[in-house]
$ cat entry10.pdb   # PDB, C-alpha atoms
ATOM      1  CA  MET A  17       0.000   0.000   0.000
ATOM      2  CA  SER A  18       1.125   3.538  -0.684
ATOM      3  CA  ALA A  19       2.561   4.952   2.516
ATOM      4  CA  GLU A  20       1.935   8.509   1.424
ATOM      5  CA  PHE A  21      -1.742   8.389   0.420
ATOM      6  CA  PRO A  22      -4.619   6.292   1.809
ATOM      7  CA  ARG A  23      -6.564   3.860  -0.329
ATOM      8  CA  ALA A  24      -9.912   5.099  -1.594
ATOM      9  CA  GLY A  25     -13.184   3.973  -0.088
ATOM     10  CA  PHE A  26     -16.325   2.842  -1.861
ATOM     11  CA  TRP A  27     -18.302   6.115  -2.026
ATOM     12  CA  ARG A  28     -15.502   8.161  -3.561
ATOM     13  CA  ARG A  29     -14.958   5.415  -6.149
ATOM     14  CA  PHE A  30     -18.697   5.291  -6.836
ATOM     15  CA  ALA A  31     -18.910   9.072  -7.372
ATOM     16  CA  SER A  32     -15.963   8.905  -9.762
ATOM     17  CA  LEU A  33     -17.651   6.080 -11.657
ATOM     18  CA  ILE A  34     -20.778   8.213 -12.122
ATOM     19  CA  TYR A  35     -18.688  10.971 -13.746
ATOM     20  CA  ASP A  36     -16.871   8.491 -15.973
ATOM     21  CA  THR A  37     -20.135   6.818 -16.984
ATOM     22  CA  LEU A  38     -21.319  10.137 -18.423
ATOM     23  CA  VAL A  39     -18.128  10.387 -20.485
ATOM     24  CA  ILE A  40     -18.466   6.779 -21.660
ATOM     25  CA  ILE A  41     -22.065   7.476 -22.742
ATOM     26  CA  ALA A  42     -20.808  10.388 -24.861
ATOM     27  CA  PHE A  43     -18.122   8.178 -26.430
ATOM     28  CA  ALA A  44     -20.721   5.455 -27.073
ATOM     29  CA  MET A  45     -22.971   7.949 -28.828
ATOM     30  CA  LEU A  46     -20.105   9.192 -31.010
ATOM     31  CA  THR A  47     -19.014   5.629 -31.811
ATOM     32  CA  THR A  48     -22.575   4.687 -32.769
ATOM     33  CA  VAL A  49     -22.952   7.711 -35.055
ATOM     34  CA  LEU A  50     -19.636   6.955 -36.780
ATOM     35  CA  TYR A  51     -20.611   3.309 -37.177
ATOM     36  CA  LEU A  52     -24.005   4.280 -38.645
ATOM     37  CA  LEU A  53     -22.218   6.566 -41.102
ATOM     38  CA  ALA A  54     -19.793   3.784 -42.083
ATOM     39  CA  VAL A  55     -22.620   1.315 -42.702
ATOM     40  CA  GLN A  56     -24.565   3.983 -44.612
ATOM     41  CA  GLY A  57     -21.451   4.569 -46.727
ATOM     42  CA  LEU A  58     -21.258   0.843 -47.545
ATOM     43  CA  ILE A  59     -24.930   0.920 -48.505
ATOM     44  CA  SER A  60     -24.356   3.991 -50.710
ATOM     45  CA  LEU A  61     -21.485   2.202 -52.445
ATOM     46  CA  GLU A  62     -23.856  -0.754 -52.922
ATOM     47  CA  LEU A  63     -21.536  -3.047 -50.967
ATOM     48  CA  LEU A  64     -24.414  -3.735 -48.563
ATOM     49  CA  SER A  65     -28.138  -3.857 -49.212
ATOM     50  CA  ILE A  66     -30.619  -2.632 -46.633
ATOM     51  CA  GLY A  67     -33.250  -5.054 -47.939
ATOM     52  CA  ASP A  68     -36.656  -4.558 -46.372
ATOM     53  CA  ALA A  69     -35.355  -2.815 -43.227
ATOM     54  CA  GLU A  70     -36.895   0.581 -42.436
ATOM     55  CA  ASP A  71     -33.557   2.356 -42.082
ATOM     56  CA  VAL A  72     -29.871   1.792 -41.361
ATOM     57  CA  SER A  73     -30.429   1.420 -37.626
ATOM     58  CA  ALA A  74     -33.069  -1.298 -38.142
ATOM     59  CA  PHE A  75     -30.788  -2.982 -40.680
ATOM     60  CA  ILE A  76     -27.965  -3.159 -38.118
ATOM     61  CA  GLN A  77     -30.284  -4.420 -35.382
ATOM     62  CA  ASN A  78     -31.633  -7.163 -37.663
ATOM     63  CA  SER A  79     -28.144  -8.317 -38.682
ATOM     64  CA  PRO A  80     -26.407 -10.395 -35.987
ATOM     65  CA  LEU A  81     -23.012  -9.680 -37.575
ATOM     66  CA  LEU A  82     -23.435  -5.901 -37.838
ATOM     67  CA  TYR A  83     -25.016  -5.702 -34.396
ATOM     68  CA  GLY A  84     -22.164  -7.779 -32.947
ATOM     69  CA  ILE A  85     -19.566  -5.516 -34.560
ATOM     70  CA  ARG A  86     -21.278  -2.448 -33.081
ATOM     71  CA  SER A  87     -21.389  -4.033 -29.632
ATOM     72  CA  ALA A  88     -17.718  -5.041 -29.850
ATOM     73  CA  LEU A  89     -16.790  -1.486 -30.870
ATOM     74  CA  LEU A  90     -18.576  -0.072 -27.831
ATOM     75  CA  VAL A  91     -16.727  -2.459 -25.504
ATOM     76  CA  ILE A  92     -13.379  -1.675 -27.159
ATOM     77  CA  VAL A  93     -13.973   2.086 -26.884
ATOM     78  CA  SER A  94     -14.854   1.781 -23.184
ATOM     79  CA  ILE A  95     -11.858  -0.400 -22.330
ATOM     80  CA  SER A  96      -9.570   1.883 -24.362
ATOM     81  CA  PHE A  97     -10.870   4.981 -22.558
ATOM     82  CA  PHE A  98     -10.022   3.603 -19.133
ATOM     83  CA  SER A  99      -6.742   1.966 -20.184
ATOM     84  CA  TYR A 100      -5.479   5.136 -21.882
ATOM     85  CA  PHE A 101      -6.141   7.441 -18.948
ATOM     86  CA  TRP A 102      -4.934   4.968 -16.329
ATOM     87  CA  ALA A 103      -1.694   4.285 -18.215
ATOM     88  CA  LYS A 104      -1.077   7.969 -19.018
ATOM     89  CA  SER A 105      -1.710   9.596 -15.631
ATOM     90  CA  GLY A 106      -3.436   7.089 -13.358
ATOM     91  CA  GLN A 107      -6.623   9.148 -13.515
ATOM     92  CA  THR A 108      -9.753   9.253 -15.621
ATOM     93  CA  ILE A 109     -11.794  12.443 -15.779
ATOM     94  CA  GLY A 110     -14.013  11.288 -12.903
ATOM     95  CA  MET A 111     -11.014  10.179 -10.856
ATOM     96  CA  ARG A 112      -9.391  13.587 -11.300
ATOM     97  CA  ALA A 113     -12.556  15.288 -10.031
ATOM     98  CA  TRP A 114     -12.619  13.040  -6.948
ATOM     99  CA  ARG A 115      -8.817  13.117  -6.428
ATOM    100  CA  LEU A 116      -8.327   9.405  -7.050
ATOM    101  CA  LYS A 117      -5.426   7.679  -8.747
ATOM    102  CA  VAL A 118      -4.942   4.064  -9.782
ATOM    103  CA  GLN A 119      -1.418   2.704  -9.577
ATOM    104  CA  THR A 120       0.578  -0.476  -9.170
ATOM    105  CA  LEU A 121       1.164  -1.730  -5.641
ATOM    106  CA  ASP A 122       4.605  -0.107  -5.718
ATOM    107  CA  GLY A 123       3.242   3.308  -6.745
ATOM    108  CA  GLN A 124       3.954   3.243 -10.501
ATOM    109  CA  LEU A 125       1.581   3.959 -13.381
ATOM    110  CA  ILE A 126      -0.174   0.844 -14.613
ATOM    111  CA  SER A 127       0.380  -0.609 -18.091
ATOM    112  CA  TRP A 128      -2.167  -0.701 -20.909
ATOM    113  CA  GLN A 129      -2.516  -4.435 -20.303
ATOM    114  CA  GLN A 130      -3.229  -3.930 -16.608
ATOM    115  CA  GLY A 131      -5.698  -1.204 -17.543
ATOM    116  CA  ALA A 132      -7.565  -3.479 -19.945
ATOM    117  CA  LEU A 133      -7.611  -6.314 -17.408
ATOM    118  CA  ARG A 134      -8.782  -3.911 -14.709
ATOM    119  CA  ALA A 135     -11.550  -2.463 -16.915
ATOM    120  CA  ILE A 136     -12.840  -5.908 -17.896
ATOM    121  CA  THR A 137     -12.780  -7.315 -14.366
ATOM    122  CA  ALA A 138     -14.492  -4.249 -12.891
ATOM    123  CA  LEU A 139     -17.718  -5.854 -14.134
ATOM    124  CA  LEU A 140     -19.312  -2.506 -15.038
ATOM    125  CA  GLY A 141     -18.380  -1.131 -11.612
ATOM    126  CA  LEU A 142     -19.762  -4.023  -9.571
ATOM    127  CA  GLY A 143     -16.210  -5.070  -8.650
ATOM    128  CA  ASN A 144     -16.096  -2.009  -6.402
ATOM    129  CA  LEU A 145     -18.572  -3.659  -4.036
ATOM    130  CA  VAL A 146     -15.670  -5.736  -2.683
ATOM    131  CA  VAL A 147     -14.329  -2.526  -1.093
ATOM    132  CA  LEU A 148     -17.384  -2.509   1.197
ATOM    133  CA  VAL A 149     -16.295  -5.776   2.833
ATOM    134  CA  ASP A 150     -12.521  -5.451   2.451
ATOM    135  CA  PHE A 151     -12.114  -3.104   5.405
ATOM    136  CA  LYS A 152      -8.406  -3.724   5.870
ATOM    137  CA  ASN A 153      -7.112  -3.404   2.288
ATOM    138  CA  LYS A 154      -9.828  -1.296   0.586
ATOM    139  CA  ARG A 155      -9.242  -2.986  -2.748
ATOM    140  CA  ALA A 156     -11.853  -3.838  -5.362
ATOM    141  CA  LEU A 157     -12.100  -7.061  -7.343
ATOM    142  CA  GLN A 158     -10.340  -5.438 -10.292
ATOM    143  CA  ASP A 159      -7.540  -4.234  -8.001
ATOM    144  CA  TYR A 160      -6.849  -7.752  -6.777
ATOM    145  CA  ILE A 161      -6.921  -9.256 -10.261
ATOM    146  CA  ALA A 162      -4.815  -6.525 -11.932
ATOM    147  CA  LYS A 163      -2.518  -6.044  -8.905
ATOM    148  CA  THR A 164      -3.417  -2.369  -8.494
ATOM    149  CA  GLU A 165      -4.698   0.010  -5.862
ATOM    150  CA  VAL A 166      -6.718   3.233  -5.914
ATOM    151  CA  ILE A 167      -5.493   5.990  -3.646
ATOM    152  CA  THR A 168      -6.989   9.289  -2.509
ATOM    153  CA  LEU A 169      -4.743  12.230  -3.312
ATOM    154  CA  THR A 170      -4.382  15.538  -1.551
ATOM    155  CA  LYS A 171      -5.583  18.606  -3.463
ATOM    156  CA  GLU A 172      -1.976  19.660  -4.007
ATOM    157  CA  GLU A 173      -0.881  16.278  -5.411
ATOM    158  CA  ASN A 174      -3.940  16.118  -7.660
ATOM    159  CA  LYS A 175      -3.084  19.562  -9.065
ATOM    160  CA  ARG A 176       0.573  18.539  -9.523
ATOM    161  CA  ILE A 177      -0.406  15.497 -11.584
ATOM    162  CA  TYR A 178      -2.805  17.567 -13.670
ATOM    163  CA  ARG A 179      -0.160  20.261 -14.342
ATOM    164  CA  SER A 180       2.492  17.694 -15.256
ATOM    165  CA  LEU A 181       0.335  16.536 -18.185
ATOM    166  CA  ASP A 182       0.631  19.906 -19.966
TER     167      ASP A 182
END
$ encode --input "entry10.pdb" --output "structure tokens"
Amino acid sequence: MSAEFPRAGFWRRFASLIYDTLVIIAFAMLTTVLYLLAVQGLISLELLSIGDAEDVSAFIQNSPLLYGIRSALLVIVSISFFSYFWAKSGQTIGMRAWRLKVQTLDGQLISWQQGALRAITALLGLGNLVVLVDFKNKRALQDYIAKTEVITLTKEENKRIYRSLD
């Protein structure tokens, strides 16, 4: 455990997750629009046929392959969002607002691979429930699996990290 900063509790993690969920929703909307445009482009080039579907959206929903691709893209975008921010600074947008930082057990930034593993094993945030019963270590399921910890920063340290990214 980091000697300098305490590990984060459940409610601070939960509040951070709410912020990040709003960002992920925005990314999901953008990804969906871009995907709709790509499929519409393939239809315009006559590489795909909409058949008897009402519109492009209905066409995608009726096609298991196209719907699966869209779903996979949304998962990839979400995992990439978290992995990028965690590997770059240890903080997502929500974590920065709540002065949280994810790091390795020895205080280093996590790798992209750890970030992806952590994002997948968070189980849409449900992994944080482990913190409620892990009084001693205050680690979530994803922390145990990815060998990470989430710490609560002071205002000064949070500002220092933010300024160092410029």
$ resolve_selection --input "entry10.pdb" --expression "the PyMOL selection byres ((chain A and resi 110) around 8)" --output "list in words"
Ala31, Ser32, Leu33, Ile34, Tyr35, Asp36, Gln107, Thr108, Ile109, Met111, Arg112, Ala113 and Trp114 of chain A
$ resolve_selection --input "entry10.pdb" --expression "the PyMOL selection byres ((chain A and resi 141-148) around 10)" --output "ChimeraX atom specification"
/A:24-27,29-30,33-34,37,134-140,149-160
$ axis_aligned_box --input "entry10.pdb" --around "region 153-172 of chain A" --padding-each-side "4 Å" --output "lines of an AutoDock Vina configuration file"
center_x = -7.0
center_y = 5.2
center_z = -4.8
size_x = 18.1
size_y = 36.9
size_z = 22.2
$ residues_around --input "entry10.pdb" --residues "Phe43 (chain A)" --least-positions-apart "4" --cutoff "9 Å" --atoms "all atoms listed in the file" --output "list in words"
Leu38, Val39, Thr47, Thr48, Leu90, Val93, Ser94 and Phe97 of chain A
$ atom_distance --input "entry10.pdb" --atom1 "CA of Leu50 (chain A)" --atom2 "CA of Ala103 (chain A)"
26.0 Å
$ closest_residue --input "entry10.pdb" --among "A:Lys117, A:Arg86, A:Lys163, A:Lys104" --to "Phe21 (chain A)" --atoms "only C-alpha atoms"
A:Lys117
$ resolve_selection --input "entry10.pdb" --expression "the PyMOL selection byres ((chain A and resi 118) around 7)" --output "PyMOL selection string"
chain A and resi 102+106-107+116-117+119+164-167
$ atom_distance --input "entry10.pdb" --atom1 "CA of Ile95 (chain A)" --atom2 "CA of Ala162 (chain A)"
14.0 Å
$ closest_residue --input "entry10.pdb" --among "A:Ser60, A:Ile41, A:Leu52, A:Ile92" --to "Gln77 (chain A)" --atoms "only C-alpha atoms"
A:Leu52
$ atom_distance --input "entry10.pdb" --atom1 "CA of Phe75 (chain A)" --atom2 "CA of Ile40 (chain A)"
24.7 Å
